[in-house]
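Since the structure comes first, as structure tokens, the remarks are kept for the end.
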Amino acid sequence: MESTRASRNAASWRLGTAATAALLLATCESPPSLLEQIKTTGELRVVTRNSPTTFYIGRDAVLGPEYDLARGFAARLGVDLRIYTADQFWQILPDVMTGRAHLAAAGLTVTPPRLDLVEFGPVYQRVEAQVIYKLGTGRPRTLRDLLGGRLEVVSGSSHAGLLERVRYREPLLTWIESPAADVEELVAKVASGEIDYTIVDSNEFAVTQHFYPEARVAFPLGPAGSLAWALPLGEDTSLREQVSAYFAELTASGELDRLLNRYYYYAGDFDYVGSRAFVRHFDARLPRYREYFMEAEETTGIDWRLLAAMGYQESHWNPDAVSPTGVRGIMMLTETTAAMVGVADRVDPRLSILGGAQYFTRVLRKIPERIAEPDRTWLALAAYNIGFGHLEDARILTEIAGKNPDDWEDVREHLPLLSQKKWYQRTRRGYARGWEPVYYVDNVRRYYDMLEWMTAGDSMDPIILEPVQELASR
Ligand code: GLU
């Protein structure tokens, strides 16, 4: 294993050297800068890792905040992005140091020891390292409470480094560093009781916890940390300058916040009972209806997981659900809606799902096509929940306030005004329970993200990871 890895690195190093030599010959002057090399080869090589907060492959798209950031950067340079995942976490920095990758975008924490190995780009997110334990086993409050328990962290991670630094406070503290593990796996082990504790960055935990609701935060370890890209050390500042300029632009335009918000908007808003139920129903109920959601995708072109997320929000995938207002079935259709889309029996799961999908498509078509995704879908979801007319009113209020009626975040902020007299008096359709679609869309997005992540590996055989990753180069 070791020797394979070493020889593979050596091979790519030789390749890198040959490419540089060719470029040198071509210019016959000073060696080309890193930036010139990237532009000449037309390819930015980025190393990352697989996690919901960095990079993962969804059904038909590559996703993750680090992926989005890297793609934006490659586009800015006008080159193709070649992104790949390191087999093990500790390999990430060596790949940057040897030039195998031009940079690492992997949710890396800036730490003093790492500053001797790489240069970090601008900080794009602040996180806390959190000690995680299993609910019901007694919450540890200090390092001392961890003594005697089995604590496992990813080797080479900032968390392993942090433990080294605090060891003097508890000399008897022991832990295991596993090279092959990733954060999600360790959280799963805590949730199942296989290990007692692990340490996870707060951003990752906020997302991962939805899948492992038994896992809880015990206490934060050390001061807050900063995430940044890692770049090679040295006098050649060409690439680092571009990275700094890129992040400065993203920050100034608000794009950085928007991008992170896309993945973290529900972080910190964790609902233990709700998430535990979701995971349970994912296993127990969804398998019975999944084929109907997929059939609905075939007829409407809408991602089945979005439809399933809507179905979960409506009825928790319960075909017998009924509300006091008379809506019923998995998709909770009103009698009028059911008649409109030709559903004879609202309690029939297949008909309900196909009918709900059909109705959602009608709503979606009313939302102007010029509105970019995913905002168009979120606006359609809000309209599906509150009615198209009320959504229009909220968009008008958004515009009056000088905000963008095509931007879901802006409309989301103004929807609740529909329940305040001084605002709804000025609208065409009047009062509406404007906070409801906000809650509805937030929840559907959360379930949709969870489904996306939970079904991401379904069509992916780990052995064919290489070709699948080719998808990621644009
Ligand atoms: N931010 C952590 C680090 O840089 C991530 C470690 C991990 O999630 O495995 O080490």
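To be explicit about the labels: the chains of the structure tokens are called A, B, and onward in the order shown, and within each one the residues are counted from 1, while ligands get numbers from 1 in the order they are shown.
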task: Can you tell me which residues come within 9 Å of ligand 1 when counting only C-alpha atoms and all ligand atoms, ideally as a ChimeraX atom specification?
output: /A:49,51,89-90,106-111,127,129,153-161,181-184,199-201,204,225-228
Filtering to N, CA and C atoms, could you give me those residues as an mmCIF file, in the first residue's frame?
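The file below, out08.cif, is the result:
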data_model
loop_
_atom_site.group_PDB
_atom_site.id
_atom_site.type_symbol
_atom_site.label_atom_id
_atom_site.label_comp_id
_atom_site.auth_asym_id
_atom_site.auth_seq_id
_atom_site.Cartn_x
_atom_site.Cartn_y
_atom_site.Cartn_z
ATOM 1 N N ARG A 49 -11.884 16.496 -0.510
ATOM 2 C CA ARG A 49 -12.291 15.253 0.140
ATOM 3 C C ARG A 49 -13.803 15.163 0.027
ATOM 4 N N SER A 51 -17.334 14.953 1.337
ATOM 5 C CA SER A 51 -18.187 15.171 2.509
ATOM 6 C C SER A 51 -19.273 16.156 2.094
ATOM 7 N N PHE A 89 -7.328 11.531 4.217
ATOM 8 C CA PHE A 89 -7.252 12.947 4.558
ATOM 9 C C PHE A 89 -5.814 13.471 4.601
ATOM 10 N N TRP A 90 -4.906 12.678 5.208
ATOM 11 C CA TRP A 90 -3.530 13.172 5.399
ATOM 12 C C TRP A 90 -2.795 13.392 4.081
ATOM 13 N N ALA A 106 -10.666 21.841 0.700
ATOM 14 C CA ALA A 106 -11.098 20.627 1.390
ATOM 15 C C ALA A 106 -11.574 20.899 2.807
ATOM 16 N N GLY A 107 -12.103 22.072 3.058
ATOM 17 C CA GLY A 107 -12.555 22.381 4.413
ATOM 18 C C GLY A 107 -11.401 22.307 5.398
ATOM 19 N N LEU A 108 -10.266 22.858 5.002
ATOM 20 C CA LEU A 108 -9.068 22.760 5.846
ATOM 21 C C LEU A 108 -8.999 23.902 6.854
ATOM 22 N N THR A 109 -8.642 23.552 8.073
ATOM 23 C CA THR A 109 -8.462 24.552 9.119
ATOM 24 C C THR A 109 -7.039 25.094 9.052
ATOM 25 N N VAL A 110 -6.929 26.389 9.215
ATOM 26 C CA VAL A 110 -5.601 27.010 9.272
ATOM 27 C C VAL A 110 -5.013 26.693 10.648
ATOM 28 N N THR A 111 -3.891 25.980 10.674
ATOM 29 C CA THR A 111 -3.263 25.671 11.969
ATOM 30 C C THR A 111 -1.784 26.048 11.909
ATOM 31 N N VAL A 127 -15.192 28.167 12.027
ATOM 32 C CA VAL A 127 -15.819 26.969 12.597
ATOM 33 C C VAL A 127 -15.254 26.697 13.988
ATOM 34 N N ALA A 129 -14.229 23.442 16.613
ATOM 35 C CA ALA A 129 -14.056 21.990 16.721
ATOM 36 C C ALA A 129 -14.925 21.531 17.889
ATOM 37 N N VAL A 153 -10.308 10.142 16.015
ATOM 38 C CA VAL A 153 -10.318 11.287 15.089
ATOM 39 C C VAL A 153 -9.631 10.874 13.778
ATOM 40 N N VAL A 154 -9.778 11.710 12.771
ATOM 41 C CA VAL A 154 -9.164 11.435 11.470
ATOM 42 C C VAL A 154 -7.677 11.773 11.544
ATOM 43 N N SER A 155 -6.812 10.863 11.099
ATOM 44 C CA SER A 155 -5.392 11.188 11.232
ATOM 45 C C SER A 155 -4.997 12.262 10.233
ATOM 46 N N GLY A 156 -4.126 13.140 10.720
ATOM 47 C CA GLY A 156 -3.707 14.271 9.895
ATOM 48 C C GLY A 156 -4.665 15.443 9.984
ATOM 49 N N SER A 157 -5.775 15.282 10.692
ATOM 50 C CA SER A 157 -6.751 16.376 10.775
ATOM 51 C C SER A 157 -6.309 17.410 11.799
ATOM 52 N N SER A 158 -6.908 18.571 11.715
ATOM 53 C CA SER A 158 -6.613 19.609 12.695
ATOM 54 C C SER A 158 -7.038 19.132 14.089
ATOM 55 N N HIS A 159 -7.987 18.219 14.130
ATOM 56 C CA HIS A 159 -8.465 17.736 15.425
ATOM 57 C C HIS A 159 -7.423 16.876 16.120
ATOM 58 N N ALA A 160 -6.703 16.071 15.334
ATOM 59 C CA ALA A 160 -5.612 15.281 15.910
ATOM 60 C C ALA A 160 -4.562 16.254 16.460
ATOM 61 N N GLY A 161 -4.283 17.318 15.698
ATOM 62 C CA GLY A 161 -3.304 18.314 16.133
ATOM 63 C C GLY A 161 -3.753 19.017 17.412
ATOM 64 N N ALA A 181 -10.560 6.818 7.996
ATOM 65 C CA ALA A 181 -11.902 7.294 8.355
ATOM 66 C C ALA A 181 -12.163 8.699 7.826
ATOM 67 N N ASP A 182 -13.417 9.026 7.676
ATOM 68 C CA ASP A 182 -13.778 10.417 7.463
ATOM 69 C C ASP A 182 -14.769 10.810 8.555
ATOM 70 N N VAL A 183 -15.037 12.109 8.599
ATOM 71 C CA VAL A 183 -15.822 12.640 9.702
ATOM 72 C C VAL A 183 -17.192 11.982 9.816
ATOM 73 N N GLU A 184 -17.845 11.801 8.685
ATOM 74 C CA GLU A 184 -19.199 11.250 8.764
ATOM 75 C C GLU A 184 -19.180 9.847 9.349
ATOM 76 N N ILE A 199 -14.283 14.193 17.188
ATOM 77 C CA ILE A 199 -14.233 15.660 17.110
ATOM 78 C C ILE A 199 -14.540 16.066 15.671
ATOM 79 N N VAL A 200 -15.426 17.023 15.532
ATOM 80 C CA VAL A 200 -15.900 17.408 14.206
ATOM 81 C C VAL A 200 -16.003 18.932 14.140
ATOM 82 N N ASP A 201 -15.741 19.482 12.966
ATOM 83 C CA ASP A 201 -15.954 20.917 12.773
ATOM 84 C C ASP A 201 -17.448 21.221 12.855
ATOM 85 N N GLU A 204 -19.550 20.963 9.650
ATOM 86 C CA GLU A 204 -19.805 19.594 9.198
ATOM 87 C C GLU A 204 -20.817 18.915 10.102
ATOM 88 N N GLY A 225 -11.846 28.107 14.773
ATOM 89 C CA GLY A 225 -10.849 27.966 13.715
ATOM 90 C C GLY A 225 -11.327 28.613 12.423
ATOM 91 N N SER A 226 -10.413 28.690 11.464
ATOM 92 C CA SER A 226 -10.726 29.326 10.194
ATOM 93 C C SER A 226 -10.487 28.353 9.059
ATOM 94 N N LEU A 227 -11.412 28.295 8.124
ATOM 95 C CA LEU A 227 -11.226 27.434 6.955
ATOM 96 C C LEU A 227 -10.707 28.250 5.778
ATOM 97 N N ALA A 228 -9.784 27.646 5.049
ATOM 98 C CA ALA A 228 -9.219 28.335 3.877
ATOM 99 C C ALA A 228 -8.643 27.304 2.909
#
Excluding same-chain residues fewer than 6 positions from Ser352 in chain A, what lies within 9 Å of it counting only C-alpha atoms, as an mmCIF file with C-alpha atoms, in the first residue's frame?
data_model
loop_
_atom_site.group_PDB
_atom_site.id
_atom_site.type_symbol
_atom_site.label_atom_id
_atom_site.label_comp_id
_atom_site.auth_asym_id
_atom_site.auth_seq_id
_atom_site.Cartn_x
_atom_site.Cartn_y
_atom_site.Cartn_z
ATOM 1 C CA PRO A 319 -51.011 7.867 2.546
ATOM 2 C CA ARG A 328 -55.441 14.386 2.329
ATOM 3 C CA GLY A 329 -53.055 11.751 1.107
ATOM 4 C CA ILE A 330 -49.310 11.619 0.685
ATOM 5 C CA MET A 331 -49.225 14.924 -1.208
ATOM 6 C CA MET A 332 -52.073 16.446 0.834
ATOM 7 C CA LEU A 333 -54.141 17.569 -2.124
ATOM 8 C CA ALA A 338 -57.203 16.738 -7.055
ATOM 9 C CA VAL A 343 -56.921 12.418 -9.196
ATOM 10 C CA ASP A 345 -58.771 8.848 -5.188
ATOM 11 C CA ARG A 346 -56.566 11.092 -3.064
#
- prompt: Looking at only C-alpha atoms, which of A:Phe360, A:Trp423, A:Tyr440, A:Trp175 is the one that sits closest to Thr337 in chain A?
  reply: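 Once distances to Thr337 in chain A are computed over only C-alpha atoms, the minimum belongs to A:Phe360.
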query: Could you pull out all residues of range 78-322 of chain A with a DSSP call of alpha helix (DSSP H) and give them as an NGL selection string?
result: :A and (92-97 or 112-115 or 158-166 or 183-192 or 202-208 or 238-253 or 255-264 or 272-284 or 286-300 or 304-315)
message: Just the number, please: distance in Å from CA of Leu221 in chain A to CA of Val207 in chain A, one decimal.
response: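 Separation between CA of Leu221 in chain A and CA of Val207 in chain A: 18.8 Å.
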Nearest residue to Ala74 in chain A from the set A:Tyr264, A:Val217, A:Thr53, A:Val243 (distances using only C-alpha atoms):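 Going through A:Tyr264, A:Val217, A:Thr53, A:Val243 one by one, the smallest distance to Ala74 in chain A is for A:Val243.
For the pair CA of Gly64 in chain A and CA of Leu260 in chain A, the interatomic distance is 9.2 Å.
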task: Tell me, as a list in words, which residues lie within 8 Å of range 277-286 of chain A, counting only C-alpha atoms; anything in the same chain fewer than 5 positions away does not count.
output: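 That gives Phe211, His316, Trp317 and Asn318 of chain A.
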message: as a PyMOL selection string, please: every residue in range 76-164 of chain A that a backbone DSSP assignment puts in strand (DSSP E or B).
response: chain A and resi 80-85+103-109+118-120+125-134+151-154
Can you build me a table of range 106-200 of chain A residues sitting at most 6 Å from range 229-237 of chain A, with the closest atom pair per residue and its distance in Å to one decimal, using only C-alpha atoms, sorted by chain and residue number, as a Markdown table?
| residue | atom | partner | partner_atom | distance |
| --- | --- | --- | --- | --- |
| A:Val118 | CA | A:Leu233 | CA | 5.0 |
| A:Glu119 | CA | A:Leu231 | CA | 5.1 |
| A:Phe120 | CA | A:Ala230 | CA | 4.6 |
| A:Gly121 | CA | A:Trp229 | CA | 5.2 |
- request: Find the residues near Leu379 in chain A: any atom within 9 Å, counting only C-alpha atoms, skip ones fewer than 3 places away on the same chain, and give them as a PyMOL selection string.
  value: chain A and resi 364+367+374-376+382-384+391+406-408+411-412+441
Take the residues that were just selected and, keeping N, CA and C atoms, output them as an mmCIF file, in the first residue's frame.
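What follows is the written file result_37.cif:
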data_model
loop_
_atom_site.group_PDB
_atom_site.id
_atom_site.type_symbol
_atom_site.label_atom_id
_atom_site.label_comp_id
_atom_site.auth_asym_id
_atom_site.auth_seq_id
_atom_site.Cartn_x
_atom_site.Cartn_y
_atom_site.Cartn_z
ATOM 1 N N LEU A 364 -44.948 25.665 -11.243
ATOM 2 C CA LEU A 364 -43.587 26.012 -11.680
ATOM 3 C C LEU A 364 -43.624 26.760 -13.014
ATOM 4 N N ILE A 367 -43.987 30.476 -12.892
ATOM 5 C CA ILE A 367 -42.876 31.308 -12.403
ATOM 6 C C ILE A 367 -41.994 31.632 -13.610
ATOM 7 N N PRO A 374 -31.429 27.749 -8.291
ATOM 8 C CA PRO A 374 -32.591 27.063 -7.745
ATOM 9 C C PRO A 374 -33.709 28.005 -7.304
ATOM 10 N N ASP A 375 -33.520 29.321 -7.427
ATOM 11 C CA ASP A 375 -34.535 30.257 -6.917
ATOM 12 C C ASP A 375 -35.922 30.006 -7.521
ATOM 13 N N ARG A 376 -35.921 29.655 -8.804
ATOM 14 C CA ARG A 376 -37.222 29.454 -9.456
ATOM 15 C C ARG A 376 -37.982 28.320 -8.764
ATOM 16 N N ALA A 382 -42.972 27.868 -2.770
ATOM 17 C CA ALA A 382 -43.719 28.813 -1.939
ATOM 18 C C ALA A 382 -45.112 29.024 -2.519
ATOM 19 N N ALA A 383 -45.179 29.129 -3.846
ATOM 20 C CA ALA A 383 -46.473 29.321 -4.498
ATOM 21 C C ALA A 383 -47.350 28.086 -4.320
ATOM 22 N N TYR A 384 -46.745 26.930 -4.386
ATOM 23 C CA TYR A 384 -47.470 25.670 -4.199
ATOM 24 C C TYR A 384 -48.105 25.660 -2.812
ATOM 25 N N LEU A 391 -47.941 34.776 -3.532
ATOM 26 C CA LEU A 391 -46.506 34.875 -3.793
ATOM 27 C C LEU A 391 -46.240 36.135 -4.619
ATOM 28 N N ASP A 406 -36.866 38.368 -7.803
ATOM 29 C CA ASP A 406 -36.506 37.092 -8.433
ATOM 30 C C ASP A 406 -35.559 36.283 -7.551
ATOM 31 N N ASP A 407 -35.219 36.851 -6.410
ATOM 32 C CA ASP A 407 -34.259 36.190 -5.526
ATOM 33 C C ASP A 407 -35.025 35.594 -4.340
ATOM 34 N N TRP A 408 -34.926 34.281 -4.185
ATOM 35 C CA TRP A 408 -35.718 33.628 -3.141
ATOM 36 C C TRP A 408 -35.413 34.196 -1.750
ATOM 37 N N VAL A 411 -37.304 37.379 -1.291
ATOM 38 C CA VAL A 411 -38.760 37.166 -1.196
ATOM 39 C C VAL A 411 -39.085 36.487 0.144
ATOM 40 N N ARG A 412 -38.226 35.575 0.538
ATOM 41 C CA ARG A 412 -38.414 34.850 1.799
ATOM 42 C C ARG A 412 -38.522 35.823 2.971
ATOM 43 N N VAL A 441 -40.828 25.924 2.636
ATOM 44 C CA VAL A 441 -39.695 25.831 1.712
ATOM 45 C C VAL A 441 -38.423 25.431 2.487
#
Counting only C-alpha atoms, what is within 7 Å of Ala218 in chain A, bar same-chain residues fewer than 4 positions away, as a PDB file with N, CA, C and O atoms, in the first residue's frame?
ATOM      1  N   VAL A 131     -16.499  18.412  20.338  1.00  0.00           N
ATOM      2  CA  VAL A 131     -16.438  17.025  20.806  1.00  0.00           C
ATOM      3  C   VAL A 131     -17.862  16.479  20.712  1.00  0.00           C
ATOM      4  O   VAL A 131     -18.815  17.114  21.160  1.00  0.00           O
ATOM      5  N   ILE A 132     -17.986  15.295  20.125  1.00  0.00           N
ATOM      6  CA  ILE A 132     -19.306  14.694  19.897  1.00  0.00           C
ATOM      7  C   ILE A 132     -19.465  13.449  20.769  1.00  0.00           C
ATOM      8  O   ILE A 132     -18.541  12.650  20.879  1.00  0.00           O
ATOM      9  N   TYR A 133     -20.637  13.300  21.359  1.00  0.00           N
ATOM     10  CA  TYR A 133     -20.929  12.095  22.149  1.00  0.00           C
ATOM     11  C   TYR A 133     -22.311  11.587  21.767  1.00  0.00           C
ATOM     12  O   TYR A 133     -23.016  12.228  20.984  1.00  0.00           O
ATOM     13  N   ARG A 139     -23.487  13.546  29.128  1.00  0.00           N
ATOM     14  CA  ARG A 139     -22.730  14.530  28.349  1.00  0.00           C
ATOM     15  C   ARG A 139     -21.416  14.896  29.040  1.00  0.00           C
ATOM     16  O   ARG A 139     -21.427  15.387  30.166  1.00  0.00           O
ATOM     17  N   PRO A 140     -20.284  14.658  28.386  1.00  0.00           N
ATOM     18  CA  PRO A 140     -19.023  15.111  28.972  1.00  0.00           C
ATOM     19  C   PRO A 140     -18.930  16.636  28.879  1.00  0.00           C
ATOM     20  O   PRO A 140     -19.437  17.224  27.920  1.00  0.00           O
ATOM     21  N   ARG A 141     -18.324  17.241  29.890  1.00  0.00           N
ATOM     22  CA  ARG A 141     -18.233  18.705  29.871  1.00  0.00           C
ATOM     23  C   ARG A 141     -16.804  19.214  29.794  1.00  0.00           C
ATOM     24  O   ARG A 141     -16.568  20.365  29.441  1.00  0.00           O
TER      25      ARG A 141
END
message: Can you pull out the residues contacting Gly148 in chain A? Cut-off 9 Å, using only C-alpha atoms, and skip same-chain residues under 4 positions away; I want them as number ranges by chain.
response: A: 172-174
field: 8 Å contact set for Thr142 in chain A, only C-alpha atoms, chain neighbours under 3 positions out, as a PyMOL selection string
entry: chain A and resi 145-146+219
The selected residues should be written to file as a PDB file, in the first residue's frame (atoms: N, CA, C and O atoms).
ATOM      1  N   ASP A 145     -13.548  14.423  31.448  1.00  0.00           N
ATOM      2  CA  ASP A 145     -14.675  13.489  31.317  1.00  0.00           C
ATOM      3  C   ASP A 145     -14.474  12.485  30.179  1.00  0.00           C
ATOM      4  O   ASP A 145     -15.199  11.503  30.069  1.00  0.00           O
ATOM      5  N   LEU A 146     -13.509  12.776  29.303  1.00  0.00           N
ATOM      6  CA  LEU A 146     -13.294  11.860  28.172  1.00  0.00           C
ATOM      7  C   LEU A 146     -12.378  10.694  28.546  1.00  0.00           C
ATOM      8  O   LEU A 146     -12.272   9.724  27.797  1.00  0.00           O
ATOM      9  N   PHE A 219     -18.909  19.571  23.965  1.00  0.00           N
ATOM     10  CA  PHE A 219     -18.364  20.908  24.221  1.00  0.00           C
ATOM     11  C   PHE A 219     -17.392  21.271  23.097  1.00  0.00           C
ATOM     12  O   PHE A 219     -16.877  20.385  22.411  1.00  0.00           O
TER      13      PHE A 219
END
- request: Measure the distance from CA of Val444 in chain A to CA of Asn385 in chain A in Å and round it to one decimal.
  value: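 Distance reported for this atom pair: 11.0 Å.
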